[in-house]
Amino acid sequence: MLTQGRSGPESHAAADTPDFRTNAVTSQPGPTPGPEFAIVVPTFNEAQNLAELVARVERCLAGTRWEMVFVDDNSPDGTARLARELGQQDARVRVVQRIGRRGLSSAVVEGVLATSAPYLAVMDADLQHDETLLPAMLETLKKGQHDIVVGSRYVAGGSIGDWDRSRAGMSKLATRMSRAVLKAELSDPMSGFFAMRRDAFMGAVDRLSTIGFKILLDLFASSPQPLRFVELPYTFRLRHAGESKLDQQAAWDYVMLLLDRMVGHIVPVRFVAFAFVGGLGLFVHLAVLALLFKGLALPFVTSQAAATLIAMTSNYALNNELTYRDMRLRGWAWLRGWVSFTIACSVGALANVGIAQYLFSHRTTWILAAIAGVLVGVVWNYAVTMTYTWRRKPSSA
């Protein structure tokens, strides 16, 4: 016997009522807290050291919400690729791969801005810095009495390890030079191992030079307020694997950083370097001219033209390696840059002569007229070559 179903409002209400026996509500997990402590590690050709560094940091920061941000300048040895592989195994490992940009200080800035952690550490990837100091650095910062904790090789209990006399002497000289711009009595302003509060970093980031590799010195020199700091001793260790990045170029970058902190608010430090290279080019010009005209007895016009071209090429090569190191041209780009540089400087030479002649004809002393012509030529060459020879390509990131 069939039973007819009920109809009307009651039946509709029953149909609209969810069956909680078959549609149980499942609880969703809450959001995962972000890292408390981020270790920013700039890298270039450090693939052999990454796994060991991560393992050591994991052991000494057990119980801490930490992450490690590798900032790699597109290393040819596959450092960024290996960092991503480590990140697949451990979500606390991240990588920022930079294309077309170089420099330790700027890498640190990008790494810090890429993490949300309120406490930040900076260290090298080569295992020369003592990672067991990281917990003490973090605890010191969390007490709120200091903005920055510096790992020092020169306070009591610290050591430079097995450095030879030459490297130790260079470090002491660089430390003395830093006094020209430093706002604090740091015993080790050249240290690349330190931790800081995010608010202290953000207060200085807009003023940073980001030239070279001494970001700690840059931070202290750029901070609008004196940074409260403490130095903790550690022993500098030997490199675990790979090759050292310290060379003559690093020394040049350090000098440029000091100059930028001293005169950068008046004139761009690149212009200072450009003018310095131009001064060297004058000696190259005179030496080649003397060799060709006096030594080989070639006609003066031929000797002058050859000396001019060689001096321009010398200036271009030096500026490419020094003044615009972070935008260095290679391969066919180097040749195209040479052409644009030579054309720009040729026009600059004409402007030099024209301005000097004009001023001299209007009763200006020949010395002042010559100086004015040189200044106009240098400014022209700098402005035009910066715009057309070493122009920055827009980033696709």
# chains A, B, ... in the order shown; residues from 1 in each chain; ligands from 1

$ residues_around --residues "Ala333 in chain A" --least-positions-apart "6" --cutoff "12 Å" --atoms "only C-alpha atoms" --output "PyMOL selection string"
chain A and resi 320+327+339-341+388-391

$ write_last_selection --atoms "C-alpha atoms" --output "PDB file, in the first residue's frame"
ATOM      1  CA  ASN A 320      82.570  49.924 -16.952  1.00  0.00           C
ATOM      2  CA  MET A 327      75.651  47.623 -14.591  1.00  0.00           C
ATOM      3  CA  VAL A 339      80.445  53.266 -29.543  1.00  0.00           C
ATOM      4  CA  SER A 340      77.924  55.363 -27.587  1.00  0.00           C
ATOM      5  CA  PHE A 341      80.586  56.385 -25.062  1.00  0.00           C
ATOM      6  CA  TYR A 388      72.592  56.022 -23.020  1.00  0.00           C
ATOM      7  CA  THR A 389      75.648  53.857 -22.315  1.00  0.00           C
ATOM      8  CA  TRP A 390      74.875  52.421 -18.872  1.00  0.00           C
ATOM      9  CA  ARG A 391      71.144  52.938 -18.711  1.00  0.00           C
TER      10      ARG A 391
END

$ residues_around --residues "Phe293 in chain A" --least-positions-apart "6" --cutoff "9 Å" --atoms "only C-alpha atoms" --output "PyMOL selection string"
chain A and resi 299-300+302-304

$ residues_around --residues "Ala287 in chain A" --least-positions-apart "4" --cutoff "12 Å" --atoms "only C-alpha atoms" --output "PyMOL selection string"
chain A and resi 280-283+291-295+303-304+306-308+310-311

$ select_by_dssp --residues "range 266-391 of chain A" --states "helix (DSSP H, G or I)" --output "number ranges by chain"
A: 269-295, 300-323, 325-327, 332-361, 366-388

$ atom_distance --atom1 "CA of Gly144 in chain A" --atom2 "CA of Arg197 in chain A"
9.0 Å

$ closest_residue --among "A:Leu329, A:Leu227, A:Met312, A:Ala317" --to "His146 in chain A" --atoms "only C-alpha atoms"
A:Leu227

$ closest_residue --among "A:Phe194, A:Phe201, A:Trp332, A:Phe271" --to "Tyr234 in chain A" --atoms "only C-alpha atoms"
A:Phe194

$ atom_distance --atom1 "CA of Pro135 in chain A" --atom2 "CA of Leu50 in chain A"
19.7 Å

$ residues_around --residues "Arg239 in chain A" --least-positions-apart "5" --cutoff "10 Å" --atoms "only C-alpha atoms" --output "list of chain:residue names"
A:Asn49, A:Asp124, A:Ala125, A:Asp126, A:Leu127, A:Gln128, A:His129, A:Ser244

$ closest_atom_pairs --of "range 38-136 of chain A" --to "range 217-221 of chain A" --cutoff "12 Å" --atoms "only C-alpha atoms" --output "CSV"
residue,atom,partner,partner_atom,distance
A:Leu104,CA,A:Asp218,CA,11.8
A:Ser105,CA,A:Asp218,CA,8.5
A:Ser106,CA,A:Asp218,CA,10.9
A:Val108,CA,A:Leu219,CA,11.3
A:Val109,CA,A:Leu219,CA,10.6

$ atom_distance --atom1 "CA of Gln48 in chain A" --atom2 "CA of Asp188 in chain A"
28.0 Å

$ closest_residue --among "A:Thr64, A:Gln97, A:Ser314, A:Gln89" --to "Phe44 in chain A" --atoms "only C-alpha atoms"
A:Gln97

$ closest_residue --among "A:Arg65, A:Arg328, A:Leu53, A:Ala275" --to "Val376 in chain A" --atoms "only C-alpha atoms"
A:Ala275

$ closest_residue --among "A:Cys60, A:Ile39, A:Leu296, A:Leu289" --to "Thr115 in chain A" --atoms "only C-alpha atoms"
A:Ile39

$ closest_residue --among "A:Leu309, A:Leu322, A:Ile355, A:Val112" --to "His285 in chain A" --atoms "only C-alpha atoms"
A:Leu309

$ decode --residues "range 268-310 of chain A" --atoms "N, CA and C atoms" --output "CSV table (one decimal), in the first residue's frame"
chain,number,residue,atom,x,y,z
A,268,PRO,N,76.6,63.3,-6.8
A,268,PRO,CA,76.6,61.8,-6.8
A,268,PRO,C,78.0,61.2,-6.8
A,269,VAL,N,78.1,60.1,-6.1
A,269,VAL,CA,79.4,59.5,-5.9
A,269,VAL,C,79.9,58.9,-7.3
A,270,ARG,N,78.9,58.5,-8.1
A,270,ARG,CA,79.3,58.0,-9.4
A,270,ARG,C,80.0,59.1,-10.2
A,271,PHE,N,79.5,60.3,-10.1
A,271,PHE,CA,80.2,61.4,-10.8
A,271,PHE,C,81.6,61.6,-10.3
A,272,VAL,N,81.8,61.5,-9.0
A,272,VAL,CA,83.2,61.6,-8.4
A,272,VAL,C,84.1,60.5,-9.1
A,273,ALA,N,83.6,59.3,-9.1
A,273,ALA,CA,84.3,58.2,-9.7
A,273,ALA,C,84.6,58.4,-11.2
A,274,PHE,N,83.5,58.9,-11.9
A,274,PHE,CA,83.7,59.2,-13.3
A,274,PHE,C,84.7,60.3,-13.6
A,275,ALA,N,84.7,61.3,-12.7
A,275,ALA,CA,85.7,62.4,-12.9
A,275,ALA,C,87.1,61.9,-12.6
A,276,PHE,N,87.2,61.0,-11.6
A,276,PHE,CA,88.5,60.4,-11.2
A,276,PHE,C,89.1,59.6,-12.4
A,277,VAL,N,88.2,58.8,-13.0
A,277,VAL,CA,88.7,58.0,-14.2
A,277,VAL,C,89.1,58.9,-15.3
A,278,GLY,N,88.3,60.0,-15.5
A,278,GLY,CA,88.7,61.0,-16.5
A,278,GLY,C,90.1,61.6,-16.3
A,279,GLY,N,90.4,61.8,-15.0
A,279,GLY,CA,91.7,62.3,-14.7
A,279,GLY,C,92.8,61.3,-15.1
A,280,LEU,N,92.6,60.0,-14.8
A,280,LEU,CA,93.5,59.0,-15.2
A,280,LEU,C,93.6,59.0,-16.8
A,281,GLY,N,92.5,59.2,-17.4
A,281,GLY,CA,92.5,59.2,-18.9
A,281,GLY,C,93.4,60.3,-19.5
A,282,LEU,N,93.6,61.4,-18.8
A,282,LEU,CA,94.5,62.5,-19.2
A,282,LEU,C,95.9,62.0,-19.3
A,283,PHE,N,96.3,61.3,-18.2
A,283,PHE,CA,97.7,60.7,-18.2
A,283,PHE,C,97.9,59.7,-19.3
A,284,VAL,N,96.8,58.9,-19.6
A,284,VAL,CA,96.9,57.9,-20.7
A,284,VAL,C,97.1,58.7,-22.0
A,285,HIS,N,96.3,59.7,-22.2
A,285,HIS,CA,96.4,60.5,-23.4
A,285,HIS,C,97.8,61.1,-23.6
A,286,LEU,N,98.3,61.7,-22.6
A,286,LEU,CA,99.6,62.3,-22.8
A,286,LEU,C,100.7,61.3,-23.0
A,287,ALA,N,100.6,60.1,-22.3
A,287,ALA,CA,101.6,59.1,-22.5
A,287,ALA,C,101.6,58.5,-23.9
A,288,VAL,N,100.4,58.3,-24.5
A,288,VAL,CA,100.3,57.7,-25.8
A,288,VAL,C,100.8,58.8,-26.8
A,289,LEU,N,100.4,60.0,-26.6
A,289,LEU,CA,100.8,61.1,-27.5
A,289,LEU,C,102.3,61.2,-27.5
A,290,ALA,N,103.0,61.2,-26.4
A,290,ALA,CA,104.4,61.3,-26.3
A,290,ALA,C,105.1,60.1,-27.0
A,291,LEU,N,104.5,58.9,-26.9
A,291,LEU,CA,105.1,57.7,-27.5
A,291,LEU,C,105.0,57.8,-29.0
A,292,LEU,N,103.8,58.2,-29.5
A,292,LEU,CA,103.7,58.3,-31.0
A,292,LEU,C,104.3,59.5,-31.6
A,293,PHE,N,104.2,60.6,-31.0
A,293,PHE,CA,104.7,61.9,-31.6
A,293,PHE,C,106.2,62.0,-31.4
A,294,LYS,N,106.7,61.8,-30.2
A,294,LYS,CA,108.1,62.0,-29.9
A,294,LYS,C,108.9,60.7,-30.1
A,295,GLY,N,108.3,59.6,-29.7
A,295,GLY,CA,109.1,58.3,-29.8
A,295,GLY,C,109.1,57.8,-31.2
A,296,LEU,N,107.9,57.7,-31.9
A,296,LEU,CA,107.8,57.1,-33.3
A,296,LEU,C,107.8,58.2,-34.4
A,297,ALA,N,107.8,59.5,-34.0
A,297,ALA,CA,107.9,60.6,-35.0
A,297,ALA,C,106.7,60.6,-36.0
A,298,LEU,N,105.6,60.2,-35.5
A,298,LEU,CA,104.4,60.2,-36.3
A,298,LEU,C,103.9,61.7,-36.4
A,299,PRO,N,103.1,62.1,-37.4
A,299,PRO,CA,102.6,63.4,-37.5
A,299,PRO,C,101.7,63.7,-36.2
A,300,PHE,N,101.7,65.0,-35.8
A,300,PHE,CA,101.0,65.4,-34.6
A,300,PHE,C,99.5,65.0,-34.7
A,301,VAL,N,98.9,65.4,-35.8
A,301,VAL,CA,97.5,65.1,-35.9
A,301,VAL,C,97.1,63.6,-35.8
A,302,THR,N,97.9,62.8,-36.4
A,302,THR,CA,97.7,61.4,-36.3
A,302,THR,C,97.9,60.9,-34.9
A,303,SER,N,99.0,61.4,-34.2
A,303,SER,CA,99.3,61.0,-32.8
A,303,SER,C,98.2,61.5,-31.9
A,304,GLN,N,97.7,62.7,-32.1
A,304,GLN,CA,96.7,63.2,-31.2
A,304,GLN,C,95.4,62.4,-31.4
A,305,ALA,N,95.0,62.1,-32.6
A,305,ALA,CA,93.8,61.4,-32.8
A,305,ALA,C,93.9,60.0,-32.2
A,306,ALA,N,95.0,59.3,-32.4
A,306,ALA,CA,95.2,58.0,-31.8
A,306,ALA,C,95.2,58.0,-30.3
A,307,ALA,N,95.8,59.0,-29.7
A,307,ALA,CA,95.9,59.2,-28.2
A,307,ALA,C,94.5,59.4,-27.7
A,308,THR,N,93.7,60.2,-28.4
A,308,THR,CA,92.4,60.5,-28.0
A,308,THR,C,91.5,59.3,-28.0
A,309,LEU,N,91.6,58.5,-29.0
A,309,LEU,CA,90.8,57.3,-29.1
A,309,LEU,C,91.2,56.3,-28.0
A,310,ILE,N,92.5,56.1,-27.8
A,310,ILE,CA,93.0,55.2,-26.8
A,310,ILE,C,92.6,55.6,-25.4
